[in-house]
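K.L.:
This is the structure I have questions about; it appears just below.
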Number of protein chains: 4
Amino acid sequence: MSVTEISDAPPLEVERWFNTDDPPTLERLRGKVVVLHAFQMLCPGCVAHALPQAKRLHEIAQHLDDLVVLGLHSVFEHHAAMTPVALEAFLHEYRIAFPVAVDRPSSEGSIPHTMAAYGLRGTPSTIIIDRAGRIARHSFGAEDDIVLGLTLGSLLRG
Amino acid sequence: MSVTEISDAPPLEVERWFNTDDPPTLERLRGKVVVLHAFQMLCPGCVAHALPQAKRLHEIAQHLDDLVVLGLHSVFEHHAAMTPVALEAFLHEYRIAFPVAVDRPSSEGSIPHTMAAYGLRGTPSTIIIDRAGRIARHSFGAEDDIVLGLTLGSLLRG
Amino acid sequence: MSVTEISDAPPLEVERWFNTDDPPTLERLRGKVVVLHAFQMLCPGCVAHALPQAKRLHEIAQHLDDLVVLGLHSVFEHHAAMTPVALEAFLHEYRIAFPVAVDRPSSEGSIPHTMAAYGLRGTPSTIIIDRAGRIARHSFGAEDDIVLGLTLGSLLRG
Amino acid sequence: MSVTEISDAPPLEVERWFNTDDPPTLERLRGKVVVLHAFQMLCPGCVAHALPQAKRLHEIAQHLDDLVVLGLHSVFEHHAAMTPVALEAFLHEYRIAFPVAVDRPSSEGSIPHTMAAYGLRGTPSTIIIDRAGRIARHSFGAEDDIVLGLTLGSLLRG
């Protein structure tokens with residue numbers, strides 16, 4: 001499932017970051033292509049497919065200019081299980097090295113702030129943000145590796 | 001890695017059970033072949049290989065007499081992350097339907113009681129208990145499906 | 001799909017053997033458990049699943065008494081493509097080391113003799129023959145590794 | 001293993017085509033991006049990885065302008081096994097729908113003409129030809145899906 005819209009990417013609303021000493025903002029990443037992987041640590045499709053894809057993409061990005069991979073832990077269920085301390089253990093065990101933001105919980109209801117701002121339908125979701133800070137692609141569920149590469153290759157060249 | 005010993009299986013020391021209203025004991029399971037899958041919910045090898053194997057074996061066991069699959073959540077690291085409430089969410093998300101015991105934590109140190117009694121080296125570990133209540137096979141790490149089947153087929157026939 | 005019948009395994013009708021200097025017969029294998037993997041070298045399900053399973057089982061059998069793995073190349077379509085010379089190249093490239101029989105072609109029609117005698121419905125088919133030379137299990141399509149192991153473990157113990 | 005050269009793609013030297021009534025030439029494909037998958041039907045790495053990737057890419061290409069997937073059957077070993085009649089059966093069984101060229105055999109030696117002209121080191125090899133008819137990427141062995149997509153996305157945009 002993918003939807004392509006041309007709209008500005010809302011700012012990330014983040015409770016805390018892991019794997020970075022210098023928390024990124026989309027504003028400061030303007031000029032780069034950003035892949036935002038929204039996941040939950042207890043979502044089987046995220047663990048089996050989306051996070052391995054994000055890890056692989058992060059490795060590839062080390063050899064490219066201007067491609068940035070970010071994780072977004074958007075917890076909308078099982079809040080007591082998927083706490084930041086649990087996420088920290090998860091990131092360690094799964095050897096996830098790219099920066100991961102904890103989506104800021106809402107005071108009421110279950111949908112955290114960034115998830116709501118982007119209109120995410122669930123996890124995993126992949127959001128691709130172009131050099132101008134616009135949402136170039138937004139997909140829910142398993143994203144095909146080749147399609148992901150095609151989209152990014154085009155945006156990096158553009 | 002597998003070690004075959006002929007020794008009586010120690011009793012399970014359990015803090016609480018999930019997925020059963022009638023907590024089993026090895027004593028009451030005497031006469032059946034028991035496969036005990038020790039895992040941690042944040043252990044990648046458990047999630048990718050051992051638990052899918054245990055789920056598949058549990059499905060097969062529904063069509064067999066005298067084969068019982070039990071899970072054992074033996075937390076020896078990241079204790080704050082792998083709490084019973086987190087495990088409950090994990091079992092729900094991963095559709096694990098066989099009974100799972102929470103290994104009783106020790107008051108000091110990190111190795112829970114059943115893990116210590118069985119001398120488990122880590123997770124995943126697979127312990128096969130024969131009809132007489134003896135440990136017939138004890139392996140650490142990924143267990144081959146065919147080898148697992150061969151062992152169980154022999155014990156069930158025996 | 002599996003069918004269990006209790007009937008004597010018909011003799012293998014073989015045009016030629018690969019991977020053996022001492023062509024086996026079911027008669028001489030009496031007393032052992034025999035797994036007969038019927039395949040075609042251009043059958044995708046055979047190449048992706050059944051032959052890797054047979055290779056793995058053959059490796060395991062080296063450490064067991066009385067378990068024998070045999071291949072049976074039962075060509076019932078694309079006869080001009082799946083000749084013995086093509087099979088020889090295939091066995092080399094896919095590193096298949098267990099003995100493989102070329103099922104004897106029939107003079108008319110497309111079903112070779114052993115395939116007809118066993119009533120195989122297609123490839124891959126897995127036939128398990130017990131120590132007494134009877135067909136203990138006959139399955140068509142992908143065979144589950146655990147179920148295969150369970151069946152063989154029971155027969156080897158029996 | 002990949003090598004990037006900027007050189008004109010030599011013309012395809014083809015004995016015959018499958019899956020097309022209108023045999024393509026690189027000259028006529030000028031203006032499009034061409035992915036040329038060199039394979040052998042009995043090469044395990046081709047069957048397990050490269051051809052599924054090419055099939056997937058061909059499906060994706062139906063939704064894109066200007067991306068063309070071609071197969072090249074470059075037989076350099078087991079010539080008696082991998083004949084055009086065997087290839088035809090293979091393409092049918094594996095449901096390969098994109099055009100496949102049979103690389104023209106050389107009169108002496110084992111390397112067919114197109115394989116020699118491109119300096120292919122073996123199979124699978126993936127050659128990417130840009131809109132101007134130049135070799136943009138040439139890789140031997142398993143090609144990563146994301147990397148393939150990135151390269152193509154960039155060339156299609158360029």
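Just remember, in the structure tokens the first chain shown is A, the second B, etc., residues are 1-based per chain, and ligands are 1-based in the order shown.
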Compute the set of chain B residues within 6 Å of chain C, using only C-alpha atoms, and express it as a list in words.
P.N.:
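Filtering chain B at 6 Å from chain C with only C-alpha atoms gives Asp145, Ile146, Gly149, Leu150, Gly153, Ser154 and Arg157 of chain B.
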K.L.:
Mind dumping the selected residues with N, CA, C and O atoms as an mmCIF file, in the first residue's frame?
P.N.:
data_model
loop_
_atom_site.group_PDB
_atom_site.id
_atom_site.type_symbol
_atom_site.label_atom_id
_atom_site.label_comp_id
_atom_site.auth_asym_id
_atom_site.auth_seq_id
_atom_site.Cartn_x
_atom_site.Cartn_y
_atom_site.Cartn_z
ATOM 1 N N ASP B 145 15.279 -28.730 11.879
ATOM 2 C CA ASP B 145 13.920 -29.280 11.899
ATOM 3 C C ASP B 145 13.907 -30.803 11.718
ATOM 4 O O ASP B 145 13.135 -31.507 12.389
ATOM 5 N N ILE B 146 14.695 -31.291 10.789
ATOM 6 C CA ILE B 146 14.676 -32.736 10.533
ATOM 7 C C ILE B 146 15.227 -33.498 11.735
ATOM 8 O O ILE B 146 14.666 -34.513 12.162
ATOM 9 N N GLY B 149 12.707 -33.582 14.440
ATOM 10 C CA GLY B 149 11.678 -34.570 14.128
ATOM 11 C C GLY B 149 12.159 -35.994 14.346
ATOM 12 O O GLY B 149 11.444 -36.831 14.905
ATOM 13 N N LEU B 150 13.375 -36.292 13.914
ATOM 14 C CA LEU B 150 13.925 -37.641 14.088
ATOM 15 C C LEU B 150 13.971 -38.023 15.568
ATOM 16 O O LEU B 150 13.588 -39.141 15.948
ATOM 17 N N GLY B 153 10.362 -38.452 16.837
ATOM 18 C CA GLY B 153 9.724 -39.649 16.281
ATOM 19 C C GLY B 153 10.208 -40.896 16.988
ATOM 20 O O GLY B 153 9.424 -41.810 17.297
ATOM 21 N N SER B 154 11.490 -40.928 17.271
ATOM 22 C CA SER B 154 12.052 -42.083 17.964
ATOM 23 C C SER B 154 11.515 -42.188 19.393
ATOM 24 O O SER B 154 11.133 -43.264 19.852
ATOM 25 N N ARG B 157 7.855 -43.276 19.535
ATOM 26 C CA ARG B 157 7.686 -44.685 19.222
ATOM 27 C C ARG B 157 8.184 -45.567 20.369
ATOM 28 O O ARG B 157 7.706 -46.673 20.581
#
K.L.:
With a distance cut-off of 9 Å and only C-alpha atoms, select the neighbouring residues of Leu26 in chain B, excluding the residue or stretch itself and same-chain residues fewer than 6 positions from it, and output the selection as an MDAnalysis selection string.
P.N.:
chainID B and resid 9:12 34 129 133
K.L.:
Need to verify the contact set: Met115 in chain B, 8 Å, only C-alpha atoms, exclusion of same-chain residues closer than 5 positions in sequence. Can you return it as a PyMOL selection string?
P.N.:
chain B and resi 74+103+120
K.L.:
Counting only C-alpha atoms, figure out which residue out of B:Ala142, B:Ser110, B:Pro99, B:His92 gets nearest to Ala80 in chain B.
P.N.:
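Checking each of B:Ala142, B:Ser110, B:Pro99, B:His92 against Ala80 in chain B, counting only C-alpha atoms, the winner is B:Ser110.
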K.L.:
Which residues, written as an NGL selection string, have at least one atom at most 8 Å from Ala38 in chain B, with only C-alpha atoms counted and residues fewer than 3 positions away on the same chain left out?
P.N.:
:B and (71-74 or 123-127)
K.L.:
Go ahead and save the residues from that selection, with N, CA, C and O atoms, as a PDB file, in the first residue's frame.
P.N.:
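Result file follows (part-v7.pdb):
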ATOM      1  N   GLY B  71       6.690 -23.482  26.327  1.00  0.00           N
ATOM      2  CA  GLY B  71       7.679 -22.412  26.269  1.00  0.00           C
ATOM      3  C   GLY B  71       8.172 -22.078  27.668  1.00  0.00           C
ATOM      4  O   GLY B  71       7.452 -22.265  28.656  1.00  0.00           O
ATOM      5  N   LEU B  72       9.386 -21.595  27.731  1.00  0.00           N
ATOM      6  CA  LEU B  72       9.975 -21.184  29.010  1.00  0.00           C
ATOM      7  C   LEU B  72      10.681 -19.857  28.782  1.00  0.00           C
ATOM      8  O   LEU B  72      11.669 -19.799  28.026  1.00  0.00           O
ATOM      9  N   HIS B  73      10.159 -18.804  29.363  1.00  0.00           N
ATOM     10  CA  HIS B  73      10.763 -17.491  29.180  1.00  0.00           C
ATOM     11  C   HIS B  73      11.820 -17.271  30.258  1.00  0.00           C
ATOM     12  O   HIS B  73      11.513 -16.911  31.384  1.00  0.00           O
ATOM     13  N   SER B  74      13.057 -17.546  29.892  1.00  0.00           N
ATOM     14  CA  SER B  74      14.184 -17.508  30.830  1.00  0.00           C
ATOM     15  C   SER B  74      14.990 -16.237  30.613  1.00  0.00           C
ATOM     16  O   SER B  74      15.922 -16.195  29.807  1.00  0.00           O
ATOM     17  N   THR B 123      19.861 -18.603  25.196  1.00  0.00           N
ATOM     18  CA  THR B 123      18.634 -18.821  24.430  1.00  0.00           C
ATOM     19  C   THR B 123      18.927 -18.629  22.953  1.00  0.00           C
ATOM     20  O   THR B 123      19.779 -17.810  22.608  1.00  0.00           O
ATOM     21  N   PRO B 124      18.261 -19.370  22.068  1.00  0.00           N
ATOM     22  CA  PRO B 124      17.279 -20.412  22.378  1.00  0.00           C
ATOM     23  C   PRO B 124      17.953 -21.707  22.801  1.00  0.00           C
ATOM     24  O   PRO B 124      19.042 -22.044  22.347  1.00  0.00           O
ATOM     25  N   SER B 125      17.280 -22.413  23.702  1.00  0.00           N
ATOM     26  CA  SER B 125      17.678 -23.775  24.069  1.00  0.00           C
ATOM     27  C   SER B 125      16.453 -24.670  23.926  1.00  0.00           C
ATOM     28  O   SER B 125      15.335 -24.247  24.231  1.00  0.00           O
ATOM     29  N   THR B 126      16.683 -25.872  23.470  1.00  0.00           N
ATOM     30  CA  THR B 126      15.597 -26.827  23.296  1.00  0.00           C
ATOM     31  C   THR B 126      15.902 -28.054  24.138  1.00  0.00           C
ATOM     32  O   THR B 126      16.971 -28.652  23.995  1.00  0.00           O
ATOM     33  N   ILE B 127      14.977 -28.380  25.012  1.00  0.00           N
ATOM     34  CA  ILE B 127      15.150 -29.535  25.889  1.00  0.00           C
ATOM     35  C   ILE B 127      14.042 -30.529  25.568  1.00  0.00           C
ATOM     36  O   ILE B 127      12.864 -30.170  25.552  1.00  0.00           O
TER      37      ILE B 127
END
K.L.:
So which residues of range 28-131 of chain C fall under strand (DSSP E) by DSSP, listed as a PyMOL selection string?
P.N.:
chain C and resi 33-39+67-73+100-103+125-129
K.L.:
To test your reading of the structure, identify every residue in chain A that backbone DSSP assigns to helix (DSSP H, G or I), and report it as a PyMOL selection string.
P.N.:
chain A and resi 44-61+84-93+113-118+145-157
K.L.:
Near Lys55 in chain D, counting only C-alpha atoms, which residues have an atom at most 10 Å away, once you skip same-chain residues fewer than 6 positions from it, shown as a list of chain:residue names?
P.N.:
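In the requested format, the answer is D:Ala61, D:Val69, D:Gly71, D:Tyr94, D:Arg95, D:Ile96, D:Ala97, D:Phe98.
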